[in-house]
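Visitor: First the structure, then my questions, so here it is.
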Amino acid sequence: MDCVNSTETVGEVIESSTSEFLAESRELNEGPSFGTFVKTGPEPVIYGLVFNSTTHSLEPNRKPRAYGKTEAELRLEQPQIFELLTTEFAVVVFGHLSERGPERVLPPQPPRIHDFVYTCDEAEVKALTVDGDFVRTILGRPALPAHDLIIAAVQNAWHARAFEMPYMVSLGKDLCRLVRD
């Protein structure tokens with residue numbers, strides 16, 4: 001489960017802490033989807049879930065304006081506008097890779113600034129979501145859109161397992177144990 005086997009580089013870390021990080025997307029308006037399992041690398045390998053995405057001006061005092069034109073028309077007439085915009089995505093950290101393999105606890109150190117961010121492959125998603133414990137981090141963070149993020153993460157984990165019903169039943173039991181409401 002190393003970054004060499006990653007499916008796609010989606011961004012670069014620009015702010016980090018042990019519990020979350022912010023990454024700049026490689027392409028404008030092309031960040032990973034809400035609830036996508038991602039990781040940093042090459043070292044340390046830190047796992048997380050995308051919980052927010054924003055596109056904004058690079059200059060804090062310069063707000064984008066409406067021009068009444070399509071993006072294609074603007075790219076032809078005023079391509080410089082797009083050089084001043086960026087897409088960023090925020091990730092809640094829920095695990096890291098240790099000598100023993102993937103662990104679903106916060107890492108001892110945050111991701112490094114300028115580390116690349118990759119989407120996790122199906123094998124990694126399966127290893128990270130073997131049971132509902134990965135949801136603990138989401139539930140423990142009041143600033144997250146927890147319910148929507150849990151739904152998106154569970155859908156992605158179920159998809160990685162080709163929609164196996166026994167997994168969903170087991171995960172439902174784990175979620176009931178964790179949520180209890």
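Residue numbers start at 1 in each chain; chains themselves are named A, B, ... in the order of the structure tokens; ligands are numbered from 1 in the order shown.
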I need the strand (DSSP E) residues of chain A per DSSP on the backbone, written as an MDAnalysis selection string.
Guide: chainID A and resid 9:16 20:25 37:41 46:57 85:98 101:103 116:119
Visitor: Counting only C-alpha atoms, what is within 8 Å of range 131-137 of chain A, bar same-chain residues fewer than 3 positions away, as a PyMOL selection string?
Guide: chain A and resi 93-94+104+128+140-141+150+170-172+174-175+178
Visitor: Skip Val91 in chain A itself and residues of its chain fewer than 4 positions away, then list as an MDAnalysis selection string all residues within 8 Å of it, counting only C-alpha atoms.
Guide: chainID A and resid 20:23 48:52
Visitor: Go through range 5-84 of chain A and flag each residue having an atom no more than 12 Å from range 108-115 of chain A; for those, report the closest pair of atoms plus their distance in Å to one decimal, using only C-alpha atoms, ordered by chain and rising number, as CSV.
Guide:
```
residue,atom,partner,partner_atom,distance
A:Thr9,CA,A:Asp115,CA,10.5
A:Val10,CA,A:Asp115,CA,11.2
A:Gly11,CA,A:Asp115,CA,8.6
A:Glu12,CA,A:His114,CA,5.4
A:Val13,CA,A:His114,CA,4.9
A:Ile14,CA,A:Ile113,CA,5.4
A:Glu15,CA,A:Ile113,CA,6.3
A:Ser16,CA,A:Pro110,CA,6.0
A:Ser17,CA,A:Pro110,CA,4.9
A:Thr18,CA,A:Pro110,CA,4.2
A:Ser19,CA,A:Pro110,CA,7.6
A:Glu20,CA,A:Pro110,CA,8.1
A:Phe21,CA,A:Pro111,CA,7.5
A:Leu22,CA,A:Ile113,CA,9.5
A:Ala23,CA,A:His114,CA,8.7
A:Glu24,CA,A:His114,CA,9.5
A:Ser25,CA,A:His114,CA,11.8
A:Lys39,CA,A:Pro111,CA,9.3
A:Thr40,CA,A:Asp115,CA,6.2
A:Gly41,CA,A:Asp115,CA,5.8
A:Pro42,CA,A:Asp115,CA,7.2
A:Glu43,CA,A:Pro111,CA,8.0
A:Pro44,CA,A:Pro111,CA,6.4
A:Val45,CA,A:Pro111,CA,7.7
A:Ile46,CA,A:Pro111,CA,6.6
A:Tyr47,CA,A:Pro111,CA,9.7
A:Gly48,CA,A:Pro111,CA,10.9
```
Visitor: Need to verify the contact set: range 67-76 of chain A, 12 Å, only C-alpha atoms, exclusion of same-chain residues closer than 5 positions in sequence. Can you return it as a ChimeraX atom specification?
Guide: /A:28-29,81-83
Visitor: For Pro102 in chain A, find every residue with an atom within 8 Å (counting only C-alpha atoms), except residues of its own chain fewer than 3 positions away, and show them as a ChimeraX atom specification.
Guide: /A:95-98,127-128
Visitor: How would the residues just chosen look if you wrote them out with N, CA and C atoms as a short mmCIF file (atom, residue, chain, number, x, y, z; two decimals), in the first residue's frame?
Guide:
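Writing done, so here's out_15.cif:
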```
data_model
loop_
_atom_site.label_atom_id
_atom_site.label_comp_id
_atom_site.auth_asym_id
_atom_site.auth_seq_id
_atom_site.Cartn_x
_atom_site.Cartn_y
_atom_site.Cartn_z
N GLY A 95 -6.17 8.31 9.82
CA GLY A 95 -5.25 7.20 9.92
C GLY A 95 -3.91 7.47 9.28
N HIS A 96 -3.02 6.51 9.42
CA HIS A 96 -1.69 6.62 8.81
C HIS A 96 -1.12 5.22 8.59
N LEU A 97 -0.07 5.17 7.80
CA LEU A 97 0.60 3.90 7.52
C LEU A 97 1.78 3.77 8.48
N SER A 98 1.81 2.67 9.23
CA SER A 98 2.93 2.40 10.13
C SER A 98 3.63 1.13 9.66
N ALA A 127 -9.02 -1.86 3.23
CA ALA A 127 -8.23 -2.02 4.46
C ALA A 127 -8.60 -0.97 5.51
N LEU A 128 -8.89 0.23 5.07
CA LEU A 128 -9.20 1.31 6.00
C LEU A 128 -10.63 1.25 6.53
#
```
Visitor: Using only C-alpha atoms, pick whichever of A:His159, A:Ile151, A:Thr86, A:Thr36 has the shortest atom-to-atom distance to Pro60 in chain A.
Guide: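 For Pro60 in chain A, the nearest of the given residues is A:Thr86.
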Visitor: For each of A:Gln155, A:Ser57, A:Pro64, A:Val38, take the minimum atom-to-atom distance to Phe116 in chain A, counting only C-alpha atoms, then give the residue where this is smallest.
Guide: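 Result for the nearest residue to Phe116 in chain A: A:Val38.
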Visitor: Go ahead and compute the interatomic distance for CA of Asp148 in chain A and CA of Ala160 in chain A, in Å to one decimal.
Guide: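 Separation of CA of Asp148 in chain A and CA of Ala160 in chain A: 18.5 Å.
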Visitor: Extract the full set of alpha helix (DSSP H) residues from range 119-176 of chain A according to DSSP on the backbone, and format it as an mmCIF file with N, CA and C atoms, in the first residue's frame.
Guide:
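Below is the file result.cif, written as the result:
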```
data_model
loop_
_atom_site.group_PDB
_atom_site.id
_atom_site.type_symbol
_atom_site.label_atom_id
_atom_site.label_comp_id
_atom_site.auth_asym_id
_atom_site.auth_seq_id
_atom_site.Cartn_x
_atom_site.Cartn_y
_atom_site.Cartn_z
ATOM 1 N N GLU A 122 -8.772 0.854 -4.388
ATOM 2 C CA GLU A 122 -9.799 0.019 -3.755
ATOM 3 C C GLU A 122 -9.244 -0.827 -2.615
ATOM 4 N N ALA A 123 -8.045 -1.360 -2.774
ATOM 5 C CA ALA A 123 -7.455 -2.191 -1.718
ATOM 6 C C ALA A 123 -7.239 -1.377 -0.448
ATOM 7 N N GLU A 124 -6.800 -0.136 -0.601
ATOM 8 C CA GLU A 124 -6.594 0.717 0.572
ATOM 9 C C GLU A 124 -7.918 1.077 1.231
ATOM 10 N N VAL A 125 -8.912 1.408 0.414
ATOM 11 C CA VAL A 125 -10.231 1.730 0.976
ATOM 12 C C VAL A 125 -10.767 0.531 1.751
ATOM 13 N N LYS A 126 -10.615 -0.658 1.206
ATOM 14 C CA LYS A 126 -11.066 -1.859 1.907
ATOM 15 C C LYS A 126 -10.339 -2.039 3.236
ATOM 16 N N ALA A 127 -9.019 -1.856 3.234
ATOM 17 C CA ALA A 127 -8.233 -2.023 4.457
ATOM 18 C C ALA A 127 -8.597 -0.972 5.508
ATOM 19 N N LEU A 128 -8.891 0.227 5.067
ATOM 20 C CA LEU A 128 -9.200 1.310 5.999
ATOM 21 C C LEU A 128 -10.627 1.253 6.530
ATOM 22 N N VAL A 135 -15.267 5.758 11.329
ATOM 23 C CA VAL A 135 -16.274 6.800 11.510
ATOM 24 C C VAL A 135 -16.053 7.573 12.819
ATOM 25 N N ARG A 136 -15.327 6.983 13.773
ATOM 26 C CA ARG A 136 -15.080 7.649 15.062
ATOM 27 C C ARG A 136 -14.537 9.055 14.886
ATOM 28 N N THR A 137 -13.574 9.224 13.986
ATOM 29 C CA THR A 137 -12.967 10.531 13.771
ATOM 30 C C THR A 137 -13.993 11.529 13.262
ATOM 31 N N ILE A 138 -14.849 11.094 12.370
ATOM 32 C CA ILE A 138 -15.868 11.996 11.815
ATOM 33 C C ILE A 138 -16.836 12.421 12.909
ATOM 34 N N LEU A 139 -17.283 11.476 13.711
ATOM 35 C CA LEU A 139 -18.246 11.781 14.767
ATOM 36 C C LEU A 139 -17.650 12.666 15.858
ATOM 37 N N ALA A 146 -20.849 15.968 9.541
ATOM 38 C CA ALA A 146 -20.656 14.564 9.901
ATOM 39 C C ALA A 146 -21.613 13.605 9.200
ATOM 40 N N HIS A 147 -22.902 13.883 9.235
ATOM 41 C CA HIS A 147 -23.849 12.929 8.661
ATOM 42 C C HIS A 147 -23.627 12.743 7.161
ATOM 43 N N ASP A 148 -23.461 13.839 6.446
ATOM 44 C CA ASP A 148 -23.236 13.743 5.005
ATOM 45 C C ASP A 148 -21.901 13.072 4.690
ATOM 46 N N LEU A 149 -20.883 13.362 5.503
ATOM 47 C CA LEU A 149 -19.572 12.761 5.270
ATOM 48 C C LEU A 149 -19.607 11.251 5.544
ATOM 49 N N ILE A 150 -20.322 10.845 6.572
ATOM 50 C CA ILE A 150 -20.456 9.410 6.846
ATOM 51 C C ILE A 150 -21.153 8.712 5.682
ATOM 52 N N ILE A 151 -22.225 9.309 5.186
ATOM 53 C CA ILE A 151 -22.953 8.711 4.060
ATOM 54 C C ILE A 151 -22.041 8.572 2.842
ATOM 55 N N ALA A 152 -21.312 9.634 2.507
ATOM 56 C CA ALA A 152 -20.421 9.587 1.334
ATOM 57 C C ALA A 152 -19.314 8.555 1.526
ATOM 58 N N ALA A 153 -18.717 8.515 2.721
ATOM 59 C CA ALA A 153 -17.632 7.565 2.986
ATOM 60 C C ALA A 153 -18.134 6.124 2.927
ATOM 61 N N VAL A 154 -19.300 5.874 3.503
ATOM 62 C CA VAL A 154 -19.862 4.524 3.487
ATOM 63 C C VAL A 154 -20.182 4.103 2.051
ATOM 64 N N GLN A 155 -20.727 5.014 1.259
ATOM 65 C CA GLN A 155 -20.999 4.686 -0.144
ATOM 66 C C GLN A 155 -19.712 4.326 -0.876
ATOM 67 N N ASN A 156 -18.634 5.082 -0.631
ATOM 68 C CA ASN A 156 -17.356 4.793 -1.287
ATOM 69 C C ASN A 156 -16.764 3.465 -0.809
ATOM 70 N N ALA A 157 -16.892 3.182 0.485
ATOM 71 C CA ALA A 157 -16.384 1.911 1.015
ATOM 72 C C ALA A 157 -17.179 0.740 0.445
ATOM 73 N N TRP A 158 -18.478 0.891 0.334
ATOM 74 C CA TRP A 158 -19.337 -0.169 -0.216
ATOM 75 C C TRP A 158 -19.045 -0.378 -1.699
ATOM 76 N N HIS A 159 -18.823 0.714 -2.407
ATOM 77 C CA HIS A 159 -18.476 0.627 -3.833
ATOM 78 C C HIS A 159 -17.162 -0.135 -4.021
ATOM 79 N N ALA A 160 -16.178 0.117 -3.154
ATOM 80 C CA ALA A 160 -14.889 -0.583 -3.248
ATOM 81 C C ALA A 160 -15.054 -2.087 -3.065
ATOM 82 N N MET A 165 -23.517 -7.031 0.141
ATOM 83 C CA MET A 165 -24.516 -6.792 1.179
ATOM 84 C C MET A 165 -24.041 -7.188 2.581
ATOM 85 N N PRO A 166 -23.311 -8.308 2.767
ATOM 86 C CA PRO A 166 -22.849 -8.640 4.129
ATOM 87 C C PRO A 166 -21.976 -7.530 4.737
ATOM 88 N N TYR A 167 -21.169 -6.870 3.914
ATOM 89 C CA TYR A 167 -20.355 -5.764 4.426
ATOM 90 C C TYR A 167 -21.258 -4.643 4.933
ATOM 91 N N MET A 168 -22.289 -4.303 4.165
ATOM 92 C CA MET A 168 -23.164 -3.206 4.546
ATOM 93 C C MET A 168 -23.908 -3.524 5.842
ATOM 94 N N VAL A 169 -24.341 -4.748 6.015
ATOM 95 C CA VAL A 169 -25.022 -5.149 7.247
ATOM 96 C C VAL A 169 -24.072 -5.029 8.436
ATOM 97 N N SER A 170 -22.848 -5.525 8.274
ATOM 98 C CA SER A 170 -21.846 -5.447 9.339
ATOM 99 C C SER A 170 -21.510 -3.988 9.665
ATOM 100 N N LEU A 171 -21.342 -3.183 8.646
ATOM 101 C CA LEU A 171 -21.034 -1.769 8.855
ATOM 102 C C LEU A 171 -22.197 -1.058 9.538
ATOM 103 N N GLY A 172 -23.422 -1.416 9.162
ATOM 104 C CA GLY A 172 -24.596 -0.834 9.808
ATOM 105 C C GLY A 172 -24.613 -1.127 11.300
ATOM 106 N N LYS A 173 -24.250 -2.335 11.684
ATOM 107 C CA LYS A 173 -24.181 -2.701 13.113
ATOM 108 C C LYS A 173 -23.096 -1.893 13.822
ATOM 109 N N ASP A 174 -21.935 -1.746 13.170
ATOM 110 C CA ASP A 174 -20.861 -0.948 13.782
ATOM 111 C C ASP A 174 -21.288 0.505 13.949
ATOM 112 N N LEU A 175 -21.975 1.045 12.952
ATOM 113 C CA LEU A 175 -22.432 2.433 13.034
ATOM 114 C C LEU A 175 -23.456 2.600 14.150
ATOM 115 N N CYS A 176 -24.360 1.637 14.297
ATOM 116 C CA CYS A 176 -25.331 1.702 15.393
ATOM 117 C C CYS A 176 -24.634 1.711 16.733
#
```
Visitor: Quick one: pull the distance between CA of Thr87 in chain A and CA of Gly31 in chain A, Å, one decimal.
Guide: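 CA of Gly31 in chain A lies 6.7 Å from CA of Thr87 in chain A.
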